[in-house]
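To be precise, the following lines are work.cif, and they hold mmCIF, C-alpha atoms.
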data_data
loop_
_atom_site.group_PDB
_atom_site.id
_atom_site.type_symbol
_atom_site.label_atom_id
_atom_site.label_comp_id
_atom_site.auth_asym_id
_atom_site.auth_seq_id
_atom_site.Cartn_x
_atom_site.Cartn_y
_atom_site.Cartn_z
ATOM 1 C CA MET E 1 108.469 47.704 116.624
ATOM 2 C CA HIS E 2 110.161 50.509 118.526
ATOM 3 C CA ASN E 3 109.313 51.321 122.135
ATOM 4 C CA ILE E 4 105.904 52.885 121.577
ATOM 5 C CA GLY E 5 105.426 53.513 125.281
ATOM 6 C CA GLU E 6 108.596 55.616 125.433
ATOM 7 C CA ASN E 7 107.421 57.581 122.384
ATOM 8 C CA ILE E 8 104.095 58.280 124.067
ATOM 9 C CA LYS E 9 105.903 59.449 127.189
ATOM 10 C CA VAL E 10 108.085 61.843 125.179
ATOM 11 C CA LEU E 11 105.011 63.316 123.513
ATOM 12 C CA ARG E 12 103.201 63.629 126.832
ATOM 13 C CA LEU E 13 106.121 65.411 128.488
ATOM 14 C CA SER E 14 106.492 67.741 125.494
ATOM 15 C CA ARG E 15 103.074 69.136 126.444
ATOM 16 C CA GLY E 16 103.836 69.120 130.141
ATOM 17 C CA TRP E 17 100.960 66.728 130.797
ATOM 18 C CA THR E 18 100.573 64.214 133.579
ATOM 19 C CA GLN E 19 99.594 60.621 132.901
ATOM 20 C CA GLN E 20 96.146 61.440 134.248
ATOM 21 C CA GLN E 21 95.678 64.294 131.752
ATOM 22 C CA LEU E 22 96.611 62.050 128.846
ATOM 23 C CA ALA E 23 94.375 59.287 130.183
ATOM 24 C CA GLU E 24 91.426 61.677 130.190
ATOM 25 C CA GLN E 25 92.092 62.584 126.565
ATOM 26 C CA LEU E 26 92.233 58.875 125.657
ATOM 27 C CA HIS E 27 89.183 58.025 127.796
ATOM 28 C CA MET E 28 91.038 55.399 129.798
ATOM 29 C CA THR E 29 92.590 55.025 133.242
ATOM 30 C CA ARG E 30 95.901 56.457 134.356
ATOM 31 C CA GLN E 31 97.096 52.932 135.039
ATOM 32 C CA ALA E 32 96.569 52.011 131.380
ATOM 33 C CA VAL E 33 98.758 54.950 130.286
ATOM 34 C CA SER E 34 101.348 53.986 132.879
ATOM 35 C CA HIS E 35 101.420 50.423 131.534
ATOM 36 C CA TYR E 36 101.918 51.720 127.982
ATOM 37 C CA GLU E 37 104.811 53.957 128.995
ATOM 38 C CA SER E 38 106.500 51.279 131.093
ATOM 39 C CA GLY E 39 106.188 48.722 128.297
ATOM 40 C CA ARG E 40 104.040 46.308 130.268
ATOM 41 C CA THR E 41 101.377 46.455 127.582
ATOM 42 C CA GLN E 42 101.329 47.691 123.993
ATOM 43 C CA PRO E 43 98.591 50.024 122.731
ATOM 44 C CA ASP E 44 96.627 48.870 119.704
ATOM 45 C CA ILE E 45 96.801 50.737 116.410
ATOM 46 C CA ASP E 46 93.587 52.697 117.090
ATOM 47 C CA THR E 47 95.013 53.994 120.359
ATOM 48 C CA CYS E 48 98.226 54.977 118.566
ATOM 49 C CA ARG E 49 96.203 56.901 115.989
ATOM 50 C CA ARG E 50 94.316 58.663 118.772
ATOM 51 C CA VAL E 51 97.603 59.626 120.448
ATOM 52 C CA ALA E 52 98.864 61.015 117.131
ATOM 53 C CA GLU E 53 95.674 63.076 116.730
ATOM 54 C CA ILE E 54 95.885 64.442 120.263
ATOM 55 C CA PHE E 55 99.475 65.607 119.847
ATOM 56 C CA GLU E 56 98.950 66.636 116.201
ATOM 57 C CA VAL E 57 101.784 64.502 114.853
ATOM 58 C CA GLU E 58 102.118 61.814 112.213
ATOM 59 C CA LEU E 59 101.416 58.232 113.248
ATOM 60 C CA ASP E 60 105.067 57.381 112.540
ATOM 61 C CA VAL E 61 106.076 59.645 115.417
ATOM 62 C CA VAL E 62 104.135 57.418 117.806
ATOM 63 C CA LEU E 63 105.216 54.131 116.243
ATOM 64 C CA ASP E 64 108.840 54.827 115.313
ATOM 65 C CA GLY E 65 109.829 57.611 117.658
ATOM 66 C CA GLN E 66 110.640 60.210 115.033
ATOM 67 C CA THR E 67 111.243 63.628 116.493
ATOM 68 C CA PRO E 68 108.017 65.601 116.079
ATOM 69 C CA THR E 69 108.297 68.804 114.088
ATOM 70 C CA GLU E 70 107.445 71.819 116.203
ATOM 71 C CA GLN E 71 104.307 73.622 115.079
ATOM 72 C CA PRO E 72 105.472 76.876 113.465
ATOM 73 C CA LYS E 73 104.173 80.276 114.445
ATOM 74 C CA LEU E 74 104.160 83.440 112.388
ATOM 75 C CA PRO E 75 107.375 85.394 113.037
ATOM 76 C CA ARG E 76 106.917 88.754 114.694
ATOM 77 C CA TRP E 77 108.026 90.738 111.626
ATOM 78 C CA LEU E 78 105.384 89.006 109.517
ATOM 79 C CA VAL E 79 102.692 89.591 112.142
ATOM 80 C CA TRP E 80 103.499 93.322 112.112
ATOM 81 C CA LEU E 81 103.360 93.398 108.320
ATOM 82 C CA VAL E 82 100.051 91.528 108.100
ATOM 83 C CA PHE E 83 98.177 93.563 110.684
ATOM 84 C CA GLY E 84 99.988 96.803 109.901
ATOM 85 C CA SER E 85 99.125 96.686 106.213
ATOM 86 C CA MET E 86 95.482 96.027 107.065
ATOM 87 C CA GLY E 87 95.200 98.554 109.889
ATOM 88 C CA LEU E 88 97.177 101.536 108.610
ATOM 89 C CA PHE E 89 95.836 101.612 105.060
ATOM 90 C CA THR E 90 92.273 100.983 106.245
ATOM 91 C CA LEU E 91 92.611 103.788 108.786
ATOM 92 C CA ALA E 92 94.033 106.237 106.233
ATOM 93 C CA HIS E 93 91.301 105.386 103.709
ATOM 94 C CA SER E 94 88.557 105.759 106.337
ATOM 95 C CA VAL E 95 89.819 109.130 107.596
ATOM 96 C CA LEU E 96 90.037 110.600 104.089
ATOM 97 C CA PHE E 97 86.601 109.239 103.228
ATOM 98 C CA TRP E 98 85.110 110.620 106.434
ATOM 99 C CA VAL E 99 86.616 114.118 105.968
ATOM 100 C CA ALA E 100 85.223 114.225 102.428
ATOM 101 C CA ASN E 101 81.728 113.299 103.641
ATOM 102 C CA LYS E 102 81.760 115.351 106.830
ATOM 103 C CA PHE E 103 83.105 118.687 105.570
ATOM 104 C CA TYR E 104 82.734 118.545 101.788
ATOM 105 C CA PHE E 105 79.497 116.686 101.248
ATOM 106 C CA VAL E 106 77.572 117.745 98.153
ATOM 107 C CA PRO E 107 73.900 116.715 98.038
ATOM 108 C CA ASN E 108 72.398 115.315 94.878
ATOM 109 C CA GLY E 109 71.028 117.876 92.487
ATOM 110 C CA LYS E 110 72.247 120.863 90.555
ATOM 111 C CA VAL E 111 75.721 122.096 91.503
ATOM 112 C CA THR E 112 75.855 125.854 91.887
ATOM 113 C CA ALA E 113 78.906 128.034 91.326
ATOM 114 C CA GLU E 114 79.361 128.412 95.090
ATOM 115 C CA MET E 115 79.462 124.654 95.501
ATOM 116 C CA LYS E 116 82.112 123.977 92.843
ATOM 117 C CA PRO E 117 85.126 124.611 95.173
ATOM 118 C CA VAL E 118 83.573 122.268 97.718
ATOM 119 C CA LEU E 119 82.973 119.654 95.029
ATOM 120 C CA GLN E 120 86.554 119.975 93.781
ATOM 121 C CA GLN E 121 87.905 119.491 97.295
ATOM 122 C CA ARG E 122 85.635 116.495 97.739
ATOM 123 C CA PHE E 123 86.908 114.945 94.494
ATOM 124 C CA ALA E 124 90.473 115.511 95.657
ATOM 125 C CA LEU E 125 89.837 113.770 98.984
ATOM 126 C CA THR E 126 87.903 110.835 97.542
ATOM 127 C CA GLY E 127 90.573 110.456 94.859
ATOM 128 C CA ALA E 128 93.237 110.333 97.550
ATOM 129 C CA ALA E 129 91.172 107.748 99.436
ATOM 130 C CA GLN E 130 90.958 105.584 96.311
ATOM 131 C CA ARG E 131 94.726 105.811 95.793
ATOM 132 C CA VAL E 132 95.320 104.816 99.417
ATOM 133 C CA GLU E 133 92.906 101.920 98.926
ATOM 134 C CA SER E 134 94.805 100.733 95.849
ATOM 135 C CA LEU E 135 98.159 101.029 97.635
ATOM 136 C CA GLY E 136 96.686 99.100 100.539
ATOM 137 C CA TYR E 137 95.626 96.262 98.242
ATOM 138 C CA ILE E 138 99.101 96.109 96.699
ATOM 139 C CA ALA E 139 100.797 96.183 100.106
ATOM 140 C CA PHE E 140 98.514 93.475 101.489
ATOM 141 C CA LEU E 141 99.117 91.227 98.478
ATOM 142 C CA ALA E 142 102.875 91.743 98.886
ATOM 143 C CA VAL E 143 102.601 90.737 102.545
ATOM 144 C CA LEU E 144 100.642 87.604 101.622
ATOM 145 C CA LEU E 145 103.347 86.751 99.086
ATOM 146 C CA ALA E 146 105.958 87.115 101.852
ATOM 147 C CA TRP E 147 103.789 84.816 103.983
ATOM 148 C CA LEU E 148 103.739 82.219 101.189
ATOM 149 C CA ILE E 149 107.528 82.340 100.800
ATOM 150 C CA TRP E 150 108.044 82.061 104.565
ATOM 151 C CA GLU E 151 105.644 79.165 105.046
ATOM 152 C CA LEU E 152 107.037 77.144 102.158
ATOM 153 C CA GLN E 153 110.396 77.264 103.919
ATOM 154 C CA GLN E 154 108.903 75.652 107.038
ATOM 155 C CA PRO E 155 108.951 71.862 107.449
ATOM 156 C CA LYS E 156 105.391 72.016 108.723
ATOM 157 C CA GLY E 157 102.608 74.388 107.742
ATOM 158 C CA LEU E 158 100.264 76.339 109.969
ATOM 159 C CA THR E 159 97.096 74.610 111.107
ATOM 160 C CA TRP E 160 93.698 75.727 109.864
ATOM 161 C CA LYS E 161 92.919 76.800 113.411
ATOM 162 C CA GLN E 162 95.889 79.185 113.324
ATOM 163 C CA ARG E 163 94.776 80.534 109.950
ATOM 164 C CA LEU E 164 91.199 81.004 111.163
ATOM 165 C CA ILE E 165 92.293 82.854 114.292
ATOM 166 C CA THR E 166 94.528 85.142 112.222
ATOM 167 C CA GLY E 167 91.660 85.805 109.794
ATOM 168 C CA VAL E 168 89.294 86.764 112.610
ATOM 169 C CA GLN E 169 91.955 89.034 114.096
ATOM 170 C CA LEU E 170 92.389 90.702 110.701
ATOM 171 C CA LEU E 171 88.661 91.409 110.556
ATOM 172 C CA LEU E 172 88.779 92.917 114.044
ATOM 173 C CA VAL E 173 91.753 95.131 113.158
ATOM 174 C CA GLY E 174 90.001 96.320 110.021
ATOM 175 C CA ALA E 175 86.782 96.955 111.937
ATOM 176 C CA LEU E 176 88.591 98.967 114.614
ATOM 177 C CA ALA E 177 90.253 101.070 111.922
ATOM 178 C CA SER E 178 87.120 101.766 109.876
ATOM 179 C CA LEU E 179 83.889 101.428 111.846
ATOM 180 C CA PRO E 180 84.406 104.376 114.256
ATOM 181 C CA TRP E 181 84.614 106.702 111.257
ATOM 182 C CA ALA E 182 81.605 105.022 109.694
ATOM 183 C CA TRP E 183 79.542 105.708 112.816
ATOM 184 C CA LEU E 184 80.594 109.362 112.711
ATOM 185 C CA ASP E 185 79.669 109.739 109.051
ATOM 186 C CA PRO E 186 76.340 111.602 108.848
ATOM 187 C CA HIS E 187 75.640 110.679 105.217
ATOM 188 C CA LEU E 188 76.903 107.247 104.130
ATOM 189 C CA ALA E 189 76.154 103.766 105.472
ATOM 190 C CA ALA E 190 78.827 101.913 107.419
ATOM 191 C CA ILE E 191 79.178 99.247 104.724
ATOM 192 C CA ASN E 192 80.904 101.799 102.477
ATOM 193 C CA TYR E 193 83.785 101.938 104.949
ATOM 194 C CA PHE E 194 84.048 98.189 105.311
ATOM 195 C CA PHE E 195 84.649 97.368 101.636
ATOM 196 C CA VAL E 196 88.443 97.558 102.014
ATOM 197 C CA VAL E 197 88.357 95.150 104.948
ATOM 198 C CA GLN E 198 86.046 92.749 103.112
ATOM 199 C CA HIS E 199 88.189 92.700 99.990
ATOM 200 C CA ASN E 200 91.403 92.112 101.931
ATOM 201 C CA PHE E 201 89.769 89.345 103.968
ATOM 202 C CA VAL E 202 88.709 87.594 100.759
ATOM 203 C CA ARG E 203 92.279 87.929 99.458
ATOM 204 C CA TYR E 204 93.539 86.478 102.729
ATOM 205 C CA CYS E 205 91.211 83.456 102.467
ATOM 206 C CA ILE E 206 92.243 82.819 98.859
ATOM 207 C CA ALA E 207 95.928 83.119 99.803
ATOM 208 C CA MET E 208 95.516 80.589 102.644
ATOM 209 C CA VAL E 209 93.886 78.086 100.284
ATOM 210 C CA ILE E 210 96.694 78.595 97.750
ATOM 211 C CA ILE E 211 99.365 78.118 100.431
ATOM 212 C CA TRP E 212 97.694 74.931 101.659
ATOM 213 C CA PHE E 213 97.351 73.598 98.096
ATOM 214 C CA VAL E 214 100.992 74.327 97.238
ATOM 215 C CA ARG E 215 102.149 72.585 100.428
ATOM 216 C CA PHE E 216 99.873 69.646 99.607
ATOM 217 C CA LEU E 217 101.376 69.302 96.126
ATOM 218 C CA LEU E 218 104.934 69.523 97.458
ATOM 219 C CA LYS E 219 104.229 66.913 100.122
ATOM 220 C CA ARG E 220 102.629 64.611 97.579
ATOM 221 C CA LYS E 221 105.597 65.018 95.280
ATOM 222 C CA GLU E 222 107.997 64.051 98.085
ATOM 223 C CA THR E 223 105.858 61.016 98.924
ATOM 224 C CA CYS E 224 105.943 59.808 95.313
ATOM 225 C CA ARG E 225 109.742 59.877 95.139
#

Starting from the file, give its structure as structure tokens.
Amino acid sequence: MHNIGENIKVLRLSRGWTQQQLAEQLHMTRQAVSHYESGRTQPDIDTCRRVAEIFEVELDVVLDGQTPTEQPKLPRWLVWLVFGSMGLFTLAHSVLFWVANKFYFVPNGKVTAEMKPVLQQRFALTGAAQRVESLGYIAFLAVLLAWLIWELQQPKGLTWKQRLITGVQLLLVGALASLPWAWLDPHLAAINYFFVVQHNFVRYCIAMVIIWFVRFLLKRKETCR
């Protein structure tokens, strides 16, 4: 066996932790951690597994001293694309929809000759909003495809915690871009403005599952070689 204690020390220092901090995570004394790192005693396999879980590495990193792969983060250009595609297209769609309902609203019933110009303008605005919505879907799908290509090039995928946080942030961006206009709309319910955000969030969730599944298949294929 390699020097497990030295491997544990390297992992601990990579987080900037003291022996006491690691001991608290392992529910043991600082002296026990010190004995592991100095080689006086060897941790059992369950302790090694716990260390691997704490530092989010494979068990082999603890046992054999392999260099742990750094957890990747979304590059800044991809972050701008993800949140920009959600925010800008949602904002444009909401503004067009709000203008159509605020200034060119046509109540249900018979349309008089005086109302036809208003109705035509309303159709033009809602049509533009629908086109913006469609372009937004296409742009968001293209961004998710770029995400897939980027992540498959990484030796290690994002954690589900990272994906969840990004998903919640996407919902917040979409809400900030759409809900203020929904509150100002005197005629339609707020849910009508949130459809774009909901649909893109569903696409995001599906894309994350696909990315995870593709990475799982690739990892399994490498293991079987």

Hits of the PyMOL selection byres ((chain E and resi 147) around 10) in this structure, as an MDAnalysis selection string
chainID E and resid 74:75 78:79 81:82 141:146 148:152 207:208 211

Closest of E:Val209, E:Ala100, E:Val118, E:Val106 to Asp185 (chain E) - atom-to-atom distances counting only C-alpha atoms
E:Ala100

All residues 9 Å or closer to region 195-206 of chain E, all atoms listed in the file, same chain fewer than 4 positions away omitted, as a VMD selection string:
chain E and resid 86 89 to 90 93 133 136 to 137 140 to 141 144 163 167 170 to 171 173 to 175 178 191 210 to 211

Selection result of the PyMOL selection byres ((chain E and resi 55) around 10) on this file, as a list in words
Ile8, Leu11, Arg12, Ser14, Arg15, Arg50, Val51, Ala52, Glu53, Ile54, Glu56, Val57, Glu58, Val61, Val62 and Pro68 of chain E

Let me make sure I understand: among E:Leu96, E:Leu217, E:Ala189, E:Ala139, which one has the smallest atom-to-atom distance to Gly84 (chain E) if we use all atoms listed in the file?
E:Ala139

In terms of the shortest atom-to-atom distance over all atoms listed in the file, which of E:His187, E:Pro107, E:Ala177, E:Lys219 is closest to Phe83 (chain E)?
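Ranked by minimum distance to Phe83 (chain E), first place goes to E:Ala177.
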
Please, what distance in Å, to one decimal, runs between CA of Gln31 (chain E) and CA of Glu6 (chain E)?
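Separating CA of Gln31 (chain E) from CA of Glu6 (chain E) is a distance of 15.2 Å.
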
Running the PyMOL selection byres ((chain E and resi 63) around 10) on this model by hand, what would come out? Give it as a PyMOL selection string.
chain E and resi 1-8+45+48-49+52+58-62+64-66

Suppose you want the space between CA of Tyr193 (chain E) and CA of Gln162 (chain E); what is it in Å?
27.1 Å

Report the distance between CA of Leu91 (chain E) and CA of Leu125 (chain E) in Å, rounded to one decimal place.
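Atom-to-atom, CA of Leu91 (chain E) to CA of Leu125 (chain E), that is 14.3 Å.
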
Listed atoms of region 213-221 of chain E, axis-aligned box, 6 Å per side: centre and edge lengths to one decimal in Å, as JSON?
{"center_x": 101.5, "center_y": 69.5, "center_z": 97.9, "size_x": 20.2, "size_y": 21.7, "size_z": 17.1}

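Closest to Lys156 (chain E) among E:Arg40, E:Phe103, E:Leu26, E:Leu218 is E:Leu218, based on all atoms listed in the file.
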
Minimum-distance residue to Leu158 (chain E), chosen among E:Trp17, E:Phe97, E:Trp212, E:Trp77 (using all atoms listed in the file):
E:Trp212
